[in-house]
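Q: Input file: model-v2.pdb. Contents: PDB, C-alpha atoms and all ligand atoms.
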```pdb
ATOM      1  CA  MET A   1      18.645 -17.990  -4.079
ATOM      2  CA  ILE A   2      19.937 -14.492  -3.735
ATOM      3  CA  THR A   3      18.052 -13.067  -0.795
ATOM      4  CA  SER A   4      17.376 -16.033   1.401
ATOM      5  CA  GLU A   5      20.410 -18.278   1.910
ATOM      6  CA  SER A   6      21.862 -16.291   4.757
ATOM      7  CA  GLY A   7      18.564 -14.868   5.903
ATOM      8  CA  GLY A   8      20.417 -11.601   5.864
ATOM      9  CA  THR A   9      18.318  -9.288   3.786
ATOM     10  CA  MET A  10      15.094 -11.225   4.038
ATOM     11  CA  SER A  11      12.419 -10.030   6.421
ATOM     12  CA  LYS A  12      12.134 -12.099   9.567
ATOM     13  CA  LYS A  13       8.553 -12.976   8.804
ATOM     14  CA  MET A  14       9.271 -14.084   5.245
ATOM     15  CA  THR A  15      10.309 -17.706   5.101
ATOM     16  CA  LYS A  16      11.946 -19.294   2.116
ATOM     17  CA  GLU A  17       8.887 -21.538   1.695
ATOM     18  CA  ARG A  18       6.580 -18.534   1.707
ATOM     19  CA  TRP A  19       8.826 -16.707  -0.750
ATOM     20  CA  ASN A  20       8.861 -19.689  -3.072
ATOM     21  CA  TYR A  21       5.077 -19.900  -2.836
ATOM     22  CA  LEU A  22       4.755 -16.203  -3.597
ATOM     23  CA  MET A  23       6.937 -16.608  -6.654
ATOM     24  CA  GLN A  24       4.158 -18.559  -8.374
ATOM     25  CA  PRO A  25       2.763 -15.517 -10.206
ATOM     26  CA  PHE A  26       6.279 -15.242 -11.612
ATOM     27  CA  ILE A  27       5.681 -18.543 -13.393
ATOM     28  CA  GLY A  28       2.087 -17.829 -14.336
ATOM     29  CA  ASP A  29      -0.155 -18.665 -11.379
ATOM     30  CA  GLU A  30      -1.714 -15.312 -10.591
ATOM     31  CA  ASP A  31      -4.061 -16.505  -7.845
ATOM     32  CA  VAL A  32      -1.279 -16.100  -5.298
ATOM     33  CA  MET A  33      -1.618 -12.973  -3.179
ATOM     34  CA  LEU A  34       0.560 -11.030  -0.801
ATOM     35  CA  THR A  35      -1.031 -10.252   2.550
ATOM     36  CA  ALA A  36      -1.702  -6.627   3.514
ATOM     37  CA  GLU A  37       0.996  -7.032   6.137
ATOM     38  CA  GLU A  38       3.550  -8.184   3.607
ATOM     39  CA  LEU A  39       2.635  -5.318   1.294
ATOM     40  CA  ASN A  40       3.033  -2.881   4.172
ATOM     41  CA  GLU A  41       6.425  -4.359   4.962
ATOM     42  CA  GLY A  42       7.554  -3.543   1.449
ATOM     43  CA  TRP A  43       7.229  -6.829  -0.425
ATOM     44  CA  HIS A  44       6.092  -6.576  -4.019
ATOM     45  CA  TRP A  45       6.359  -8.291  -7.357
ATOM     46  CA  CYS A  46       8.678  -5.882  -9.042
ATOM     47  CA  GLU A  47       7.854  -4.778 -12.570
ATOM     48  CA  GLU A  48      11.455  -3.804 -13.070
ATOM     49  CA  TRP A  49      12.501  -7.380 -12.304
ATOM     50  CA  ASP A  50       9.809  -8.953 -14.490
ATOM     51  CA  GLY A  51       7.680  -9.905 -11.504
ATOM     52  CA  LEU A  52      10.349 -11.081  -9.113
ATOM     53  CA  LEU A  53       9.224 -10.834  -5.487
ATOM     54  CA  ILE A  54      11.498  -8.389  -3.730
ATOM     55  CA  HIS A  55      11.627  -6.481  -0.475
ATOM     56  CA  VAL A  56      12.456  -2.789  -0.217
ATOM     57  CA  ASP A  57      15.627  -3.627   1.679
ATOM     58  CA  ASP A  58      16.840  -6.062  -0.965
ATOM     59  CA  ASP A  59      19.629  -5.092  -3.336
ATOM     60  CA  GLU A  60      17.125  -5.399  -6.184
ATOM     61  CA  PHE A  61      15.129  -2.461  -4.845
ATOM     62  CA  VAL A  62      17.965  -0.176  -5.924
ATOM     63  CA  SER A  63      16.818  -0.572  -9.517
ATOM     64  CA  CYS A  64      13.089  -0.742  -8.761
ATOM     65  CA  THR A  65      11.119   2.017 -10.466
ATOM     66  CA  CYS A  66       7.614   0.913  -9.466
ATOM     67  CA  GLY A  67       5.524   4.037  -8.916
ATOM     68  CA  PHE A  68       3.412   2.436  -6.202
ATOM     69  CA  MET A  69       6.563   1.879  -4.136
ATOM     70  CA  GLU A  70       7.221   5.603  -3.742
ATOM     71  CA  LYS A  71       6.055   5.617  -0.135
ATOM     72  CA  PHE A  72       8.903   3.246   0.742
ATOM     73  CA  ARG A  73      11.515   5.586  -0.700
ATOM     74  CA  THR A  74      12.130   7.365   2.582
ATOM     75  CA  PRO A  75      15.228   9.530   3.017
ATOM     76  CA  GLU A  76      16.633   6.844   5.332
ATOM     77  CA  ARG A  77      16.120   4.079   2.809
ATOM     78  CA  ILE A  78      17.466   6.160  -0.056
ATOM     79  CA  LYS A  79      20.549   6.861   2.049
ATOM     80  CA  ALA A  80      20.899   3.136   2.768
ATOM     81  CA  MET A  81      20.615   2.381  -0.934
ATOM     82  CA  GLN A  82      23.239   4.963  -1.763
ATOM     83  CA  ASP A  83      25.541   3.402   0.833
ATOM     84  CA  LYS A  84      24.879   0.021  -0.717
ATOM     85  CA  ILE A  85      25.752   1.319  -4.164
ATOM     86  CA  ALA A  86      28.854   3.014  -2.787
ATOM     87  CA  LYS A  87      29.860  -0.331  -1.303
ATOM     88  CA  TRP A  88      29.738  -1.827  -4.756
ATOM     89  CA  LYS A  89      32.388   0.800  -5.410
ATOM     90  CA  GLU A  90      31.976   1.562  -9.067
ATOM     91  CA  PRO A  91      29.016   1.719 -11.416
ATOM     92  CA  GLN A  92      30.584  -1.160 -13.302
ATOM     93  CA  ASP A  93      30.607  -3.284 -10.169
ATOM     94  CA  ALA A  94      26.960  -2.495  -9.606
ATOM     95  CA  MET A  95      26.104  -3.297 -13.197
ATOM     96  CA  GLN A  96      28.089  -6.513 -13.037
ATOM     97  CA  ARG A  97      26.380  -7.427  -9.823
ATOM     98  CA  LEU A  98      22.942  -6.865 -11.331
ATOM     99  CA  ALA A  99      24.000  -8.851 -14.380
ATOM    100  CA  ASP A 100      25.109 -11.681 -12.098
ATOM    101  CA  LEU A 101      21.740 -11.586 -10.360
ATOM    102  CA  ASP A 102      20.001 -11.727 -13.714
ATOM    103  CA  GLU A 103      21.980 -14.801 -14.575
ATOM    104  CA  GLU A 104      21.319 -16.425 -11.229
ATOM    105  CA  LEU A 105      17.612 -15.839 -11.714
ATOM    106  CA  GLY A 106      17.663 -17.031 -15.283
ATOM    107  CA  LEU A 107      16.331 -13.734 -16.577
ATOM    108  CA  ASN A 108      18.738 -13.574 -19.490
TER     109      ASN A 108
HETATM  110 ZN    ZN B   1       9.479  -2.621  -7.992
END
```
Would you mind writing the file out in structure tokens?
A:
Amino acid sequence: MITSESGGTMSKKMTKERWNYLMQPFIGDEDVMLTAEELNEGWHWCEEWDGLLIHVDDDEFVSCTCGFMEKFRTPERIKAMQDKIAKWKEPQDAMQRLADLDEELGLN
């Protein structure tokens, strides 16, 4: 899975098991809830990603347009996202990368 194998971009408190559990709304079980702490950390089921659980420091957040996530779009984070995009070098690379993620997640 994209964000968890290396543990790199995933929050320290978020375990793979917890993430998998929290992905249940993604497959239709909407009783699953994020804790207030997790919400404050920047976890959310992203509308832009059809309900995928993402963190504000994940690559996916670059294309998140959720209005309720505005408070996480700090100048620092926006800068970090721009750096991330720059690292992908060209818009095509970024698009390809997002397309690859889509495929990995079976969203196509
Ligand atoms: Zn979002």
Q: Find the spatial neighbours of segment 20-26 of chain A, counting only C-alpha atoms, within a cut-off of 9 Å - ignore same-chain residues fewer than 5 positions away - and output them as a JSON list (two decimals) with C-alpha atoms, in the coordinates of the input.
A:
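Contents of the output file out.json:
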```
[["chain", "number", "residue", "atom", "x", "y", "z"],
["A", 15, "THR", "CA", 10.31, -17.71, 5.10],
["A", 31, "ASP", "CA", -4.06, -16.50, -7.84],
["A", 32, "VAL", "CA", -1.28, -16.10, -5.30],
["A", 33, "MET", "CA", -1.62, -12.97, -3.18],
["A", 34, "LEU", "CA", 0.56, -11.03, -0.80],
["A", 45, "TRP", "CA", 6.36, -8.29, -7.36],
["A", 50, "ASP", "CA", 9.81, -8.95, -14.49],
["A", 51, "GLY", "CA", 7.68, -9.90, -11.50],
["A", 52, "LEU", "CA", 10.35, -11.08, -9.11],
["A", 53, "LEU", "CA", 9.22, -10.83, -5.49]]
```
Q: With only C-alpha atoms and all ligand atoms counted, collect every polymer residue having an atom within 6 Å of ligand ZN 1 (chain B); state the result as a list in words.
A: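 Checking only C-alpha atoms and all ligand atoms against ligand ZN 1 (chain B) at 6 Å gives Cys46, Glu47, Glu48, Cys64, Thr65 and Cys66 of chain A.
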Q: Which segment 8-61 of chain A residues have any atom within 12 Å of an atom of segment 83-97 of chain A, and for each, what is the nearest pair of atoms with distance in Å to one decimal, counting all atoms listed in the file, rows sorted by chain and number, as JSON lines?
A:
```
{"residue": "A:Asp57", "atom": "CA", "partner": "A:Lys84", "partner_atom": "CA", "distance": 10.2}
{"residue": "A:Asp58", "atom": "CA", "partner": "A:Lys84", "partner_atom": "CA", "distance": 10.1}
{"residue": "A:Asp59", "atom": "CA", "partner": "A:Lys84", "partner_atom": "CA", "distance": 7.8}
{"residue": "A:Glu60", "atom": "CA", "partner": "A:Arg97", "partner_atom": "CA", "distance": 10.1}
{"residue": "A:Phe61", "atom": "CA", "partner": "A:Lys84", "partner_atom": "CA", "distance": 10.9}
```
Q: For Lys13 of chain A, which of A:Ile27, A:Trp49, A:Trp43, A:Glu76 is the closest residue, counting only C-alpha atoms?
A: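 The answer is A:Trp43, which sits nearest to Lys13 of chain A.
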Q: Interatomic distance between atom CA of Arg77 of chain A and atom CA of Val62 of chain A?
A: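 That distance, rounded to one decimal, is 9.9 Å.
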Q: Could you work out how far atom CA of Ser63 of chain A lies from atom CA of His44 of chain A, giving the answer in Å with one decimal?
A: 13.5 Å
Q: Quote the spacing between atom CA of Thr74 of chain A and atom CA of Arg18 of chain A in Å to one decimal place.
A: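 About the pair atom CA of Thr74 of chain A and atom CA of Arg18 of chain A: they are 26.5 Å apart.
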Q: Using all atoms listed in the file, which of A:Met14, A:Leu105, A:Ala80, A:Met69 sits nearest Glu38 of chain A?
A: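 Closest candidate: A:Met14.
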Q: For Glu70 of chain A, which of A:Gly28, A:Gly42, A:Gly106, A:Asp100 is the closest residue, counting only C-alpha atoms?
A: A:Gly42
Q: Once you add 3 Å to each side, what are the centre and edge lengths of the axis-aligned box holding all listed atoms of segment 46-59 of chain A? One decimal in Å, as JSON, if you can.
A:
```
{"center_x": 13.7, "center_y": -6.9, "center_z": -6.4, "size_x": 17.9, "size_y": 14.3, "size_z": 22.2}
```
